>>> print(open('model.txt').read())   # compact mmCIF, C-alpha atoms and all ligand atoms
# COMPACT_ATOMS: atom_id res chain seq x y z
CA MET A 1 0.00 0.00 0.00
CA HIS A 2 1.12 3.56 -0.47
CA ILE A 3 0.00 7.15 -0.11
CA GLU A 4 -0.38 8.73 -3.52
CA GLN A 5 -1.39 12.17 -2.42
CA LEU A 6 -1.52 14.19 0.77
CA ASP A 7 -3.34 17.49 1.27
CA LEU A 8 -2.92 19.49 4.45
CA ARG A 9 -4.89 22.49 5.57
CA ASN A 10 -3.91 24.51 8.66
CA TYR A 11 -1.89 21.58 9.96
CA ARG A 12 0.86 22.82 12.32
CA ASN A 13 3.12 25.06 10.20
CA TYR A 14 1.52 23.96 6.89
CA GLY A 15 -1.13 26.46 5.82
CA LYS A 16 -1.92 24.68 2.58
CA LEU A 17 -0.07 21.76 1.07
CA ASN A 18 -0.87 19.46 -1.86
CA ILE A 19 1.76 16.88 -2.50
CA THR A 20 2.15 13.72 -4.57
CA PHE A 21 4.53 11.04 -3.33
CA ASP A 22 6.70 8.42 -4.90
CA ASP A 23 5.52 4.88 -4.17
CA LYS A 24 9.02 3.87 -3.01
CA ILE A 25 11.38 6.18 -1.13
CA ASN A 26 10.58 9.80 -0.28
CA VAL A 27 13.26 11.84 1.45
CA ILE A 28 12.05 14.88 3.36
CA ILE A 29 15.02 17.14 3.86
CA GLY A 30 15.24 20.44 5.71
CA GLU A 31 16.88 22.43 8.45
CA ASN A 32 15.64 22.15 12.02
CA ALA A 33 12.11 23.33 12.84
CA GLN A 34 10.99 23.60 9.21
CA GLY A 35 8.23 20.98 9.29
CA LYS A 36 9.76 17.56 8.57
CA THR A 37 8.35 15.86 11.65
CA ASN A 38 5.06 17.72 11.18
CA LEU A 39 4.69 16.05 7.79
CA MET A 40 5.51 12.61 9.19
CA GLU A 41 3.11 13.25 12.05
CA ALA A 42 0.32 14.16 9.59
CA ILE A 43 0.72 10.76 7.88
CA TYR A 44 0.71 9.09 11.29
CA VAL A 45 -2.48 10.94 12.28
CA LEU A 46 -4.08 9.89 8.98
CA ALA A 47 -3.44 6.26 9.96
CA PHE A 48 -4.19 6.33 13.68
CA THR A 49 -6.34 9.49 14.10
CA LYS A 50 -3.92 10.62 16.79
CA SER A 51 -0.42 12.01 17.01
CA HIS A 52 2.61 10.02 18.13
CA ARG A 53 4.00 12.99 20.02
CA THR A 54 1.12 14.80 21.69
CA SER A 55 -2.21 13.94 23.23
CA HIS A 56 -3.29 17.60 23.01
CA GLU A 57 -4.97 17.68 19.61
CA LYS A 58 -5.39 21.42 19.64
CA GLU A 59 -1.62 21.64 19.06
CA LEU A 60 -2.11 20.15 15.60
CA ILE A 61 -4.25 23.07 14.48
CA GLN A 62 -2.31 25.97 13.05
CA TRP A 63 -2.11 28.86 15.47
CA ASP A 64 -5.15 31.18 15.21
CA LYS A 65 -7.04 28.76 12.93
CA GLU A 66 -10.33 26.99 13.69
CA TYR A 67 -9.53 23.56 12.32
CA ALA A 68 -6.87 21.37 10.75
CA LYS A 69 -7.52 18.96 7.90
CA ILE A 70 -5.49 16.04 6.59
CA GLU A 71 -6.63 14.38 3.40
CA GLY A 72 -4.90 11.44 1.86
CA ARG A 73 -5.43 9.22 -1.12
CA VAL A 74 -4.12 5.77 -0.47
CA LYS A 75 -3.69 2.91 -2.87
CA LYS A 76 -4.37 -0.40 -1.21
CA GLN A 77 -5.01 -3.72 -2.93
CA ASN A 78 -5.38 -1.81 -6.19
CA GLN A 79 -8.14 0.36 -4.78
CA LYS A 80 -7.89 4.06 -4.25
CA ILE A 81 -9.10 4.91 -0.77
CA PRO A 82 -9.78 8.52 0.26
CA LEU A 83 -9.14 9.25 3.93
CA GLU A 84 -9.81 12.43 5.83
CA ILE A 85 -9.21 13.65 9.36
CA ILE A 86 -10.61 16.96 10.54
CA ILE A 87 -9.60 18.29 13.93
CA SER A 88 -11.38 21.31 15.32
CA THR A 89 -11.80 22.86 18.72
CA LYS A 90 -15.16 21.03 18.87
CA GLY A 91 -13.71 17.57 18.23
CA LYS A 92 -12.45 15.22 15.59
CA LYS A 93 -13.93 13.54 12.53
CA ALA A 94 -12.48 10.59 10.65
CA LYS A 95 -13.80 9.82 7.17
CA LEU A 96 -13.13 6.67 5.22
CA ASN A 97 -14.33 6.57 1.62
CA ARG A 98 -15.92 9.99 2.39
CA LEU A 99 -18.11 8.49 5.13
CA GLU A 100 -17.67 9.55 8.71
CA GLN A 101 -16.72 6.66 10.99
CA ARG A 102 -18.10 6.95 14.49
CA ARG A 103 -16.04 4.19 16.02
CA LEU A 104 -12.26 4.46 15.91
CA SER A 105 -12.06 0.73 15.37
CA ASP A 106 -13.98 1.16 12.07
CA TYR A 107 -11.37 3.62 10.80
CA ILE A 108 -8.03 2.42 12.14
CA GLY A 109 -6.47 -0.19 9.93
CA ALA A 110 -7.59 1.53 6.71
CA ILE A 111 -3.89 2.16 6.20
CA ASN A 112 -1.03 0.58 8.05
CA VAL A 113 1.85 2.73 9.14
CA VAL A 114 5.00 1.85 11.02
CA MET A 115 6.91 4.76 12.53
CA PHE A 116 10.52 4.49 13.55
CA ALA A 117 11.80 7.57 15.37
CA PRO A 118 14.73 8.16 17.74
CA GLU A 119 12.37 7.59 20.72
CA ASP A 120 11.91 4.02 19.49
CA LEU A 121 15.55 3.36 20.20
CA THR A 122 14.53 3.60 23.84
CA LEU A 123 11.94 0.86 23.38
CA VAL A 124 14.09 -1.56 25.34
CA LYS A 125 15.60 0.78 27.93
CA GLY A 126 12.68 3.16 28.49
CA PRO A 127 9.74 2.82 30.89
CA PRO A 128 7.15 0.01 30.47
CA GLN A 129 4.49 2.31 28.98
CA ILE A 130 6.65 2.69 25.83
CA ARG A 131 6.55 -1.08 25.35
CA ARG A 132 2.83 -1.31 26.10
CA ARG A 133 2.20 1.48 23.60
CA PHE A 134 4.26 -0.40 21.04
CA ILE A 135 2.09 -3.51 21.44
CA ASP A 136 -1.15 -1.50 21.46
CA MET A 137 -0.37 0.49 18.30
CA GLU A 138 0.92 -2.44 16.31
CA LEU A 139 -1.68 -4.94 17.39
CA GLY A 140 -4.49 -2.38 17.05
CA GLN A 141 -3.80 -1.74 13.41
CA ILE A 142 -3.94 -5.39 12.42
CA GLN A 143 -6.86 -6.23 14.73
CA PRO A 144 -9.38 -3.41 15.14
CA THR A 145 -11.35 -5.40 17.76
CA TYR A 146 -8.30 -5.06 20.00
CA ILE A 147 -8.80 -1.27 19.99
CA PHE A 148 -12.41 -1.78 21.02
CA HIS A 149 -11.48 -3.95 24.02
CA LEU A 150 -8.64 -1.63 24.98
CA ALA A 151 -10.94 1.42 24.92
CA GLN A 152 -13.56 -0.42 27.01
CA TYR A 153 -10.89 -1.59 29.43
CA GLN A 154 -9.56 1.94 29.89
CA LYS A 155 -13.05 3.32 30.47
CA ILE A 156 -13.91 0.71 33.11
CA LEU A 157 -10.46 1.04 34.70
CA LYS A 158 -11.06 4.75 35.19
CA GLN A 159 -14.46 4.14 36.81
CA ARG A 160 -13.03 1.39 39.00
CA ASN A 161 -10.10 3.53 40.13
CA HIS A 162 -12.51 6.34 40.97
CA LEU A 163 -14.66 3.99 43.04
CA LEU A 164 -11.62 2.52 44.82
CA LYS A 165 -10.46 6.03 45.67
CA GLU A 166 -13.92 6.85 47.09
CA MET A 167 -13.83 3.63 49.12
CA GLN A 168 -10.32 4.43 50.36
CA ARG A 169 -11.58 7.81 51.60
CA ARG A 170 -14.62 6.08 53.12
CA ARG A 171 -16.98 8.14 50.99
CA SER A 172 -18.44 4.96 49.49
CA ASN A 173 -18.70 1.29 50.31
CA ASP A 174 -20.50 0.13 47.18
CA ARG A 175 -19.19 -3.46 47.03
CA THR A 176 -21.84 -4.49 44.50
CA MET A 177 -20.66 -1.84 42.07
CA LEU A 178 -17.05 -2.86 42.65
CA GLU A 179 -17.97 -6.45 41.81
CA VAL A 180 -19.72 -5.39 38.58
CA LEU A 181 -16.74 -3.32 37.48
CA THR A 182 -14.31 -6.08 38.42
CA THR A 183 -16.22 -8.64 36.36
CA GLN A 184 -16.29 -6.33 33.32
CA LEU A 185 -12.64 -5.36 33.72
CA SER A 186 -11.52 -9.00 33.99
CA GLN A 187 -13.38 -9.92 30.80
CA HIS A 188 -11.74 -7.19 28.72
CA ALA A 189 -8.36 -7.78 30.39
CA ALA A 190 -8.54 -11.45 29.44
CA VAL A 191 -9.28 -10.66 25.77
CA ILE A 192 -6.46 -8.10 25.70
CA LEU A 193 -3.99 -10.57 27.16
CA GLU A 194 -5.03 -13.39 24.86
CA LYS A 195 -4.63 -11.12 21.82
CA ARG A 196 -1.27 -9.83 23.08
CA PHE A 197 0.00 -13.41 23.48
CA VAL A 198 -1.00 -14.34 19.92
CA PHE A 199 0.59 -11.14 18.60
CA LEU A 200 3.77 -11.73 20.56
CA ASP A 201 4.07 -15.22 19.21
CA LEU A 202 3.89 -13.85 15.65
CA LEU A 203 6.29 -11.01 16.47
CA LYS A 204 8.86 -13.43 17.89
CA LYS A 205 8.72 -15.55 14.74
CA TRP A 206 10.04 -12.57 12.78
CA ALA A 207 12.09 -10.63 15.33
CA VAL A 208 14.27 -13.52 16.57
CA PRO A 209 15.76 -14.48 13.15
CA ILE A 210 16.08 -10.81 12.15
CA HIS A 211 18.03 -10.05 15.33
CA HIS A 212 20.18 -13.13 14.73
CA SER A 213 20.99 -11.91 11.24
CA ILE A 214 21.70 -8.26 12.22
CA SER A 215 24.01 -9.45 15.01
CA ARG A 216 25.95 -11.51 12.43
CA LYS A 217 24.58 -14.69 14.01
CA LEU A 218 26.16 -13.87 17.38
CA GLU A 219 23.05 -13.09 19.38
CA LYS A 220 19.90 -14.96 20.25
CA LEU A 221 16.95 -12.73 21.16
CA GLU A 222 14.17 -13.90 23.47
CA ILE A 223 11.03 -11.95 24.26
CA THR A 224 8.72 -12.70 27.17
CA TYR A 225 5.58 -11.09 28.47
CA ARG A 226 5.49 -10.05 32.12
CA ALA A 227 1.95 -10.01 33.45
CA THR A 228 0.69 -8.98 36.87
CA ILE A 229 -0.96 -12.39 37.28
CA GLU A 230 0.49 -15.87 37.01
CA VAL A 231 -0.45 -16.83 33.51
CA SER A 232 1.06 -18.77 30.63
CA GLU A 233 1.35 -17.40 27.08
CA GLU A 234 -0.61 -20.48 25.94
CA ASP A 235 -3.65 -19.73 28.13
CA ASN A 236 -6.93 -18.78 26.44
CA LYS A 237 -9.21 -15.92 27.48
CA GLU A 238 -11.52 -18.10 29.63
CA LYS A 239 -8.58 -19.36 31.67
CA ILE A 240 -7.06 -15.86 31.90
CA ASN A 241 -10.41 -14.41 32.99
CA SER A 242 -10.76 -16.91 35.82
CA ILE A 243 -7.20 -16.15 36.98
CA TYR A 244 -8.03 -12.42 37.06
CA VAL A 245 -11.29 -12.98 38.95
CA THR A 246 -9.54 -15.09 41.61
CA LYS A 247 -6.66 -12.62 41.95
CA PHE A 248 -8.97 -9.59 42.19
CA GLY A 249 -10.83 -11.41 44.98
CA GLU A 250 -7.57 -11.97 46.86
CA ILE A 251 -6.33 -8.39 46.63
CA GLN A 252 -9.61 -6.54 47.08
CA GLU A 253 -8.83 -5.11 50.53
CA LYS A 254 -5.36 -4.06 49.40
CA GLU A 255 -6.82 -2.27 46.38
CA ILE A 256 -9.28 -0.38 48.58
CA GLU A 257 -6.47 0.54 50.96
CA ARG A 258 -4.40 1.87 48.04
CA GLY A 259 -7.36 3.37 46.15
CA SER A 260 -6.22 1.93 42.84
CA THR A 261 -6.39 -1.10 40.50
CA LEU A 262 -3.20 -3.02 41.13
CA ILE A 263 -3.26 -5.69 38.44
CA GLY A 264 -4.16 -5.82 34.74
CA PRO A 265 -2.70 -5.28 31.25
CA HIS A 266 -2.14 -1.57 32.05
CA ARG A 267 0.71 -2.68 34.33
CA ASP A 268 2.27 -5.39 32.18
CA ASP A 269 5.60 -5.30 30.39
CA LEU A 270 7.74 -6.96 27.76
CA LEU A 271 11.15 -8.37 28.67
CA PHE A 272 13.98 -8.84 26.21
CA TYR A 273 16.93 -11.18 26.62
CA VAL A 274 20.00 -11.48 24.43
CA ASN A 275 22.00 -14.66 24.91
CA GLN A 276 19.93 -15.19 28.08
CA LYS A 277 20.91 -11.86 29.63
CA ASP A 278 18.33 -9.13 30.26
CA VAL A 279 19.05 -6.49 27.58
CA GLN A 280 17.42 -3.73 29.58
CA THR A 281 19.88 -4.15 32.44
CA TYR A 282 22.94 -5.70 30.84
CA GLY A 283 22.67 -4.94 27.12
CA SER A 284 25.07 -2.58 25.38
CA GLN A 285 23.59 0.40 23.55
CA GLY A 286 24.29 -1.48 20.30
CA GLN A 287 22.36 -4.55 21.48
CA GLN A 288 19.46 -2.38 22.56
CA ARG A 289 19.42 -0.67 19.16
CA THR A 290 19.59 -3.99 17.33
CA THR A 291 16.65 -5.23 19.42
CA ALA A 292 14.58 -2.10 18.65
CA LEU A 293 15.42 -2.34 14.95
CA SER A 294 14.60 -6.07 14.86
CA LEU A 295 11.21 -5.36 16.41
CA LYS A 296 10.43 -2.65 13.84
CA LEU A 297 11.51 -4.84 10.94
CA ALA A 298 9.52 -7.73 12.40
CA GLU A 299 6.47 -5.50 12.54
CA ILE A 300 6.77 -4.66 8.85
CA GLU A 301 6.93 -8.35 7.93
CA LEU A 302 4.14 -9.24 10.34
CA ILE A 303 1.78 -6.65 8.85
CA ASN A 304 2.57 -7.93 5.37
CA LYS A 305 1.77 -11.46 6.51
CA GLU A 306 -1.46 -10.50 8.27
CA ILE A 307 -2.79 -7.85 5.87
CA GLY A 308 -1.29 -9.11 2.63
CA GLU A 309 0.53 -5.83 1.92
CA TYR A 310 3.52 -4.03 3.33
CA PRO A 311 2.77 -1.02 5.56
CA ILE A 312 4.00 2.51 4.95
CA LEU A 313 7.22 3.19 6.84
CA LEU A 314 8.06 6.53 8.46
CA LEU A 315 11.72 6.95 9.40
CA ASP A 316 11.74 10.21 11.28
CA ASP A 317 15.28 11.43 11.82
CA VAL A 318 16.38 7.94 12.78
CA LEU A 319 18.63 6.76 9.92
CA SER A 320 21.51 8.97 10.97
CA GLU A 321 21.21 7.44 14.46
CA LEU A 322 22.04 4.00 13.06
CA ASP A 323 25.52 2.93 12.00
CA ASP A 324 26.19 1.99 8.35
CA TYR A 325 25.69 -1.70 9.00
CA ARG A 326 22.28 -1.31 10.68
CA GLN A 327 21.25 1.33 8.12
CA SER A 328 22.05 -1.11 5.31
CA HIS A 329 20.12 -3.87 6.98
CA LEU A 330 17.07 -1.67 7.29
CA LEU A 331 17.24 -0.24 3.79
CA ASN A 332 17.99 -3.61 2.15
CA THR A 333 14.92 -5.07 3.83
CA ILE A 334 12.53 -2.40 2.59
CA GLN A 335 14.11 -1.84 -0.80
CA GLY A 336 11.56 -1.87 -3.60
CA LYS A 337 8.67 -3.14 -1.49
CA VAL A 338 7.82 -0.61 1.23
CA GLN A 339 6.80 2.99 0.62
CA THR A 340 9.12 4.85 2.93
CA PHE A 341 9.41 8.42 4.17
CA VAL A 342 12.82 9.41 5.46
CA SER A 343 13.21 12.74 7.22
CA THR A 344 16.65 14.17 7.73
CA THR A 345 18.55 17.43 8.02
CA SER A 346 21.25 16.13 5.70
CA VAL A 347 21.86 13.09 3.53
CA ASP A 348 25.56 13.17 4.41
CA GLY A 349 25.37 10.45 7.05
CA ILE A 350 23.21 8.18 4.90
CA HIS A 351 25.24 6.21 2.44
CA HIS A 352 22.94 3.57 1.10
CA GLU A 353 22.37 3.47 -2.63
CA THR A 354 18.59 3.15 -2.16
CA LEU A 355 18.49 6.83 -1.42
CA LYS A 356 20.09 7.71 -4.73
CA ASN A 357 16.83 6.84 -6.53
CA ALA A 358 14.64 8.50 -3.95
CA GLU A 359 12.33 11.42 -4.55
CA LEU A 360 13.61 14.46 -2.69
CA PHE A 361 11.32 16.98 -0.98
CA ARG A 362 12.86 20.10 0.49
CA VAL A 363 10.97 21.63 3.43
CA ILE A 364 11.36 25.30 4.21
CA ASN A 365 9.10 26.81 6.82
CA GLY A 366 5.98 24.79 6.05
CA SER A 367 6.40 24.76 2.27
CA ILE A 368 7.71 21.95 0.16
CA GLY A 369 9.70 22.12 -3.04
CA GLY A 370 11.36 19.37 -5.06
N1 LIG A 401 0.15 24.49 15.76
C1 LIG A 401 1.18 25.06 15.09
N2 LIG A 401 0.95 26.11 14.27
C2 LIG A 401 1.96 26.67 13.59
N3 LIG A 401 3.25 26.26 13.64
C3 LIG A 401 3.52 25.21 14.43
C4 LIG A 401 2.51 24.55 15.19
N4 LIG A 401 3.08 23.54 15.88
C5 LIG A 401 4.40 23.56 15.58
N5 LIG A 401 4.68 24.55 14.72
C6 LIG A 401 5.98 24.91 14.16
O1 LIG A 401 6.51 23.80 13.43
C7 LIG A 401 7.92 23.87 13.47
C8 LIG A 401 8.51 22.54 13.91
O2 LIG A 401 8.37 21.64 12.89
P1 LIG A 401 8.89 20.15 13.00
O3 LIG A 401 8.69 19.65 14.39
O4 LIG A 401 8.29 19.40 11.89
O5 LIG A 401 10.46 20.38 12.81
P2 LIG A 401 11.51 19.51 12.01
O6 LIG A 401 11.65 20.07 10.63
O7 LIG A 401 11.21 18.09 12.14
O8 LIG A 401 12.81 19.91 12.81
P3 LIG A 401 13.89 19.05 13.62
O9 LIG A 401 14.89 18.63 12.59
O10 LIG A 401 14.43 20.06 14.55
O11 LIG A 401 13.17 17.93 14.30
C9 LIG A 401 8.33 24.91 14.48
O12 LIG A 401 8.75 26.05 13.75
C10 LIG A 401 7.02 25.20 15.21
O13 LIG A 401 6.96 26.51 15.66
>>> encode(input="model.txt", output="structure tokens")
Amino acid sequence: MHIEQLDLRNYRNYGKLNITFDDKINVIIGENAQGKTNLMEAIYVLAFTKSHRTSHEKELIQWDKEYAKIEGRVKKQNQKIPLEIIISTKGKKAKLNRLEQRRLSDYIGAINVVMFAPEDLTLVKGPPQIRRRFIDMELGQIQPTYIFHLAQYQKILKQRNHLLKEMQRRRSNDRTMLEVLTTQLSQHAAVILEKRFVFLDLLKKWAVPIHHSISRKLEKLEITYRATIEVSEEDNKEKINSIYVTKFGEIQEKEIERGSTLIGPHRDDLLFYVNQKDVQTYGSQGQQRTTALSLKLAEIELINKEIGEYPILLLDDVLSELDDYRQSHLLNTIQGKVQTFVSTTSVDGIHHETLKNAELFRVINGSIGG
């Protein structure tokens, strides 16, 4: 799949932009603060309806304007699909084939996008929420029902935390309500965990051999899921649900005392081992980067396997962060089959021949020239 055309209106520092892209490699080049990441972000928002770098959507609207609009024409399985996101101070609209989609899960997945930015290099070393976000974004775009369960889970979690806080302060003792919320939360948590286990199994199938190859066959990567309950990656949702229900029963008084939900997928994590050593604690920066790169490359292959087409790849200022060997590995993998957007301040540090045939877009203060 690829984006043929992108139109922006009042999006960050782009007042008006109409641009046609190459279906292979597009290099977005410009000095700092000219709008390279803004362009990448717009493509990301077109795919996920939200930004990868802010949760405050008002920031996406050009200063002093009422709304921001992103329109894209995507070619997927030989069909041209028009997509549109409008963000205004009143809210957000997502249109697929010119029809407004009320549920996010009906829109997300229309195009598949994989973003690789410098922050992703901290995927291994950074806090657990980065790894949970990684799973949620990647799994969500290949399985829209996951987004539905995640959204329900988060809604119920909020209500449950509020109730627990009220019970902690002795302003409520509504045990029946707590039981209802616990039952609902466990059900969604079980579906989320089951789907994460299936996804992880697929991810490992790709990431482990890729890591082996990038490390010149010296390193064996292992990935495990760390849950807040004792569960096996082979367990199905019924089994997981019953484990949650039992555990919630056991910790109920502790949860009331703390005023918060203490177990569930919102507290889980991924662990990475290289040659049986925990990469987060013992890995070199190089090993951590290889792991992050292997995961991203695995994701690209996984989406191709699940969807039947390669996703669109956004490499925001990250190529120059990788050494020549890792750069080559990345660019050789995508060569000729993945529409890719590379943003950079200079092509000096990027030596691969793929870029020689790329289409070049020069960004100066929210305008693009060839
Ligand atoms: N809502 C907005 N309205 C207008 N301009 C904005 C808005 N949000 C950000 N900008 C401007 O966009 C520019 C930053 O663009 P961007 O983040 O894409 O930079 P970049 O080209 O990727 O630079 P770098 O190489 O430093 O990352 C800044 O000049 C900023 O003032």
>>> atom_distance(input="model.txt", atom1="atom N4 of ligand LIG 401 (chain A)", atom2="CA of Ile147 (chain A)")
27.8 Å
>>> closest_residue(input="model.txt", among="A:His2, A:Arg98, A:Arg53, A:Lys254", to="ligand LIG 401 (chain A)", atoms="all atoms listed in the file")
A:Arg53
>>> closest_residue(input="model.txt", among="A:Ile368, A:Ala189, A:Val74, A:Ala227", to="ligand LIG 401 (chain A)", atoms="all atoms listed in the file")
A:Ile368
>>> residues_around(input="model.txt", residues="Glu138 (chain A)", least_positions_apart="4", cutoff="8 Å", atoms="all atoms listed in the file", output="list in words")
Val114, Phe134, Ile142 and Glu299 of chain A
>>> closest_atom_pairs(input="model.txt", of="chain A", to="ligand LIG 401 (chain A)", cutoff="9 Å", atoms="all atoms listed in the file", output="Markdown table")
| residue | atom | partner | partner_atom | distance |
| --- | --- | --- | --- | --- |
| A:Asn10 | CA | A:LIG401 | N2 | 7.6 |
| A:Tyr11 | CA | A:LIG401 | N1 | 6.8 |
| A:Arg12 | CA | A:LIG401 | C1 | 3.6 |
| A:Asn13 | CA | A:LIG401 | N3 | 3.6 |
| A:Tyr14 | CA | A:LIG401 | C2 | 7.2 |
| A:Gly15 | CA | A:LIG401 | C2 | 8.4 |
| A:Ile28 | CA | A:LIG401 | O6 | 8.9 |
| A:Ile29 | CA | A:LIG401 | O6 | 8.1 |
| A:Gly30 | CA | A:LIG401 | O6 | 6.1 |
| A:Glu31 | CA | A:LIG401 | O9 | 6.0 |
| A:Asn32 | CA | A:LIG401 | O10 | 3.5 |
| A:Ala33 | CA | A:LIG401 | O5 | 3.4 |
| A:Gln34 | CA | A:LIG401 | O6 | 3.9 |
| A:Gly35 | CA | A:LIG401 | O4 | 3.0 |
| A:Lys36 | CA | A:LIG401 | O6 | 3.8 |
| A:Thr37 | CA | A:LIG401 | O4 | 3.5 |
| A:Asn38 | CA | A:LIG401 | O4 | 3.7 |
| A:Leu39 | CA | A:LIG401 | O4 | 6.4 |
| A:Met40 | CA | A:LIG401 | O4 | 7.8 |
| A:Glu41 | CA | A:LIG401 | O4 | 8.0 |
| A:Lys58 | CA | A:LIG401 | N1 | 7.4 |
| A:Glu59 | CA | A:LIG401 | N1 | 4.7 |
| A:Leu60 | CA | A:LIG401 | N1 | 4.9 |
| A:Ile61 | CA | A:LIG401 | N1 | 4.8 |
| A:Gln62 | CA | A:LIG401 | N2 | 3.5 |
| A:Trp63 | CA | A:LIG401 | N2 | 4.3 |
| A:Asp64 | CA | A:LIG401 | N2 | 8.0 |
| A:Lys65 | CA | A:LIG401 | N2 | 8.5 |
| A:Asp316 | CA | A:LIG401 | O7 | 7.9 |
| A:Asp317 | CA | A:LIG401 | O9 | 7.3 |
| A:Ser343 | CA | A:LIG401 | O7 | 7.5 |
| A:Thr344 | CA | A:LIG401 | O9 | 6.8 |
| A:Thr345 | CA | A:LIG401 | O9 | 6.0 |
| A:Val363 | CA | A:LIG401 | O6 | 7.4 |
| A:Ile364 | CA | A:LIG401 | O6 | 8.3 |
| A:Asn365 | CA | A:LIG401 | O12 | 7.0 |
| A:Gly366 | CA | A:LIG401 | O1 | 7.5 |
>>> write_last_selection(input="model.txt", atoms="C-alpha atoms", output="PDB file, in the coordinates of the input")
ATOM      1  CA  ASN A  10      -3.910  24.510   8.660  1.00  0.00           C
ATOM      2  CA  TYR A  11      -1.890  21.580   9.960  1.00  0.00           C
ATOM      3  CA  ARG A  12       0.860  22.820  12.320  1.00  0.00           C
ATOM      4  CA  ASN A  13       3.120  25.060  10.200  1.00  0.00           C
ATOM      5  CA  TYR A  14       1.520  23.960   6.890  1.00  0.00           C
ATOM      6  CA  GLY A  15      -1.130  26.460   5.820  1.00  0.00           C
ATOM      7  CA  ILE A  28      12.050  14.880   3.360  1.00  0.00           C
ATOM      8  CA  ILE A  29      15.020  17.140   3.860  1.00  0.00           C
ATOM      9  CA  GLY A  30      15.240  20.440   5.710  1.00  0.00           C
ATOM     10  CA  GLU A  31      16.880  22.430   8.450  1.00  0.00           C
ATOM     11  CA  ASN A  32      15.640  22.150  12.020  1.00  0.00           C
ATOM     12  CA  ALA A  33      12.110  23.330  12.840  1.00  0.00           C
ATOM     13  CA  GLN A  34      10.990  23.600   9.210  1.00  0.00           C
ATOM     14  CA  GLY A  35       8.230  20.980   9.290  1.00  0.00           C
ATOM     15  CA  LYS A  36       9.760  17.560   8.570  1.00  0.00           C
ATOM     16  CA  THR A  37       8.350  15.860  11.650  1.00  0.00           C
ATOM     17  CA  ASN A  38       5.060  17.720  11.180  1.00  0.00           C
ATOM     18  CA  LEU A  39       4.690  16.050   7.790  1.00  0.00           C
ATOM     19  CA  MET A  40       5.510  12.610   9.190  1.00  0.00           C
ATOM     20  CA  GLU A  41       3.110  13.250  12.050  1.00  0.00           C
ATOM     21  CA  LYS A  58      -5.390  21.420  19.640  1.00  0.00           C
ATOM     22  CA  GLU A  59      -1.620  21.640  19.060  1.00  0.00           C
ATOM     23  CA  LEU A  60      -2.110  20.150  15.600  1.00  0.00           C
ATOM     24  CA  ILE A  61      -4.250  23.070  14.480  1.00  0.00           C
ATOM     25  CA  GLN A  62      -2.310  25.970  13.050  1.00  0.00           C
ATOM     26  CA  TRP A  63      -2.110  28.860  15.470  1.00  0.00           C
ATOM     27  CA  ASP A  64      -5.150  31.180  15.210  1.00  0.00           C
ATOM     28  CA  LYS A  65      -7.040  28.760  12.930  1.00  0.00           C
ATOM     29  CA  ASP A 316      11.740  10.210  11.280  1.00  0.00           C
ATOM     30  CA  ASP A 317      15.280  11.430  11.820  1.00  0.00           C
ATOM     31  CA  SER A 343      13.210  12.740   7.220  1.00  0.00           C
ATOM     32  CA  THR A 344      16.650  14.170   7.730  1.00  0.00           C
ATOM     33  CA  THR A 345      18.550  17.430   8.020  1.00  0.00           C
ATOM     34  CA  VAL A 363      10.970  21.630   3.430  1.00  0.00           C
ATOM     35  CA  ILE A 364      11.360  25.300   4.210  1.00  0.00           C
ATOM     36  CA  ASN A 365       9.100  26.810   6.820  1.00  0.00           C
ATOM     37  CA  GLY A 366       5.980  24.790   6.050  1.00  0.00           C
TER      38      GLY A 366
END
>>> closest_residue(input="model.txt", among="A:Leu271, A:Ile3, A:Leu164, A:Val347", to="Arg132 (chain A)", atoms="all atoms listed in the file")
A:Leu271
>>> atom_distance(input="model.txt", atom1="CA of Ser328 (chain A)", atom2="CA of Phe116 (chain A)")
15.2 Å
>>> closest_residue(input="model.txt", among="A:Gly109, A:Gly264, A:Gly259, A:Pro127", to="Ile192 (chain A)", atoms="all atoms listed in the file")
A:Gly264
>>> build_atoms(input="model.txt", residues="region 60-66 of chain A", atoms="N, CA and C atoms", output="PDB file, keeping the file's coordinate frame")
ATOM      1  N   LEU A  60      -2.257  20.495  17.021  1.00  0.00           N
ATOM      2  CA  LEU A  60      -2.110  20.150  15.600  1.00  0.00           C
ATOM      3  C   LEU A  60      -2.702  21.234  14.694  1.00  0.00           C
ATOM      4  N   ILE A  61      -3.601  22.006  15.262  1.00  0.00           N
ATOM      5  CA  ILE A  61      -4.250  23.070  14.480  1.00  0.00           C
ATOM      6  C   ILE A  61      -3.324  24.273  14.400  1.00  0.00           C
ATOM      7  N   GLN A  62      -3.187  24.817  13.208  1.00  0.00           N
ATOM      8  CA  GLN A  62      -2.310  25.970  13.050  1.00  0.00           C
ATOM      9  C   GLN A  62      -2.768  27.103  13.969  1.00  0.00           C
ATOM     10  N   TRP A  63      -1.791  27.774  14.534  1.00  0.00           N
ATOM     11  CA  TRP A  63      -2.110  28.860  15.470  1.00  0.00           C
ATOM     12  C   TRP A  63      -3.126  29.815  14.838  1.00  0.00           C
ATOM     13  N   ASP A  64      -4.104  30.226  15.621  1.00  0.00           N
ATOM     14  CA  ASP A  64      -5.150  31.180  15.210  1.00  0.00           C
ATOM     15  C   ASP A  64      -6.123  30.630  14.172  1.00  0.00           C
ATOM     16  N   LYS A  65      -6.069  29.327  13.883  1.00  0.00           N
ATOM     17  CA  LYS A  65      -7.040  28.760  12.930  1.00  0.00           C
ATOM     18  C   LYS A  65      -8.072  27.927  13.706  1.00  0.00           C
ATOM     19  N   GLU A  66      -9.214  27.682  13.028  1.00  0.00           N
ATOM     20  CA  GLU A  66     -10.330  26.990  13.690  1.00  0.00           C
ATOM     21  C   GLU A  66     -10.213  25.463  13.599  1.00  0.00           C
TER      22      GLU A  66
END
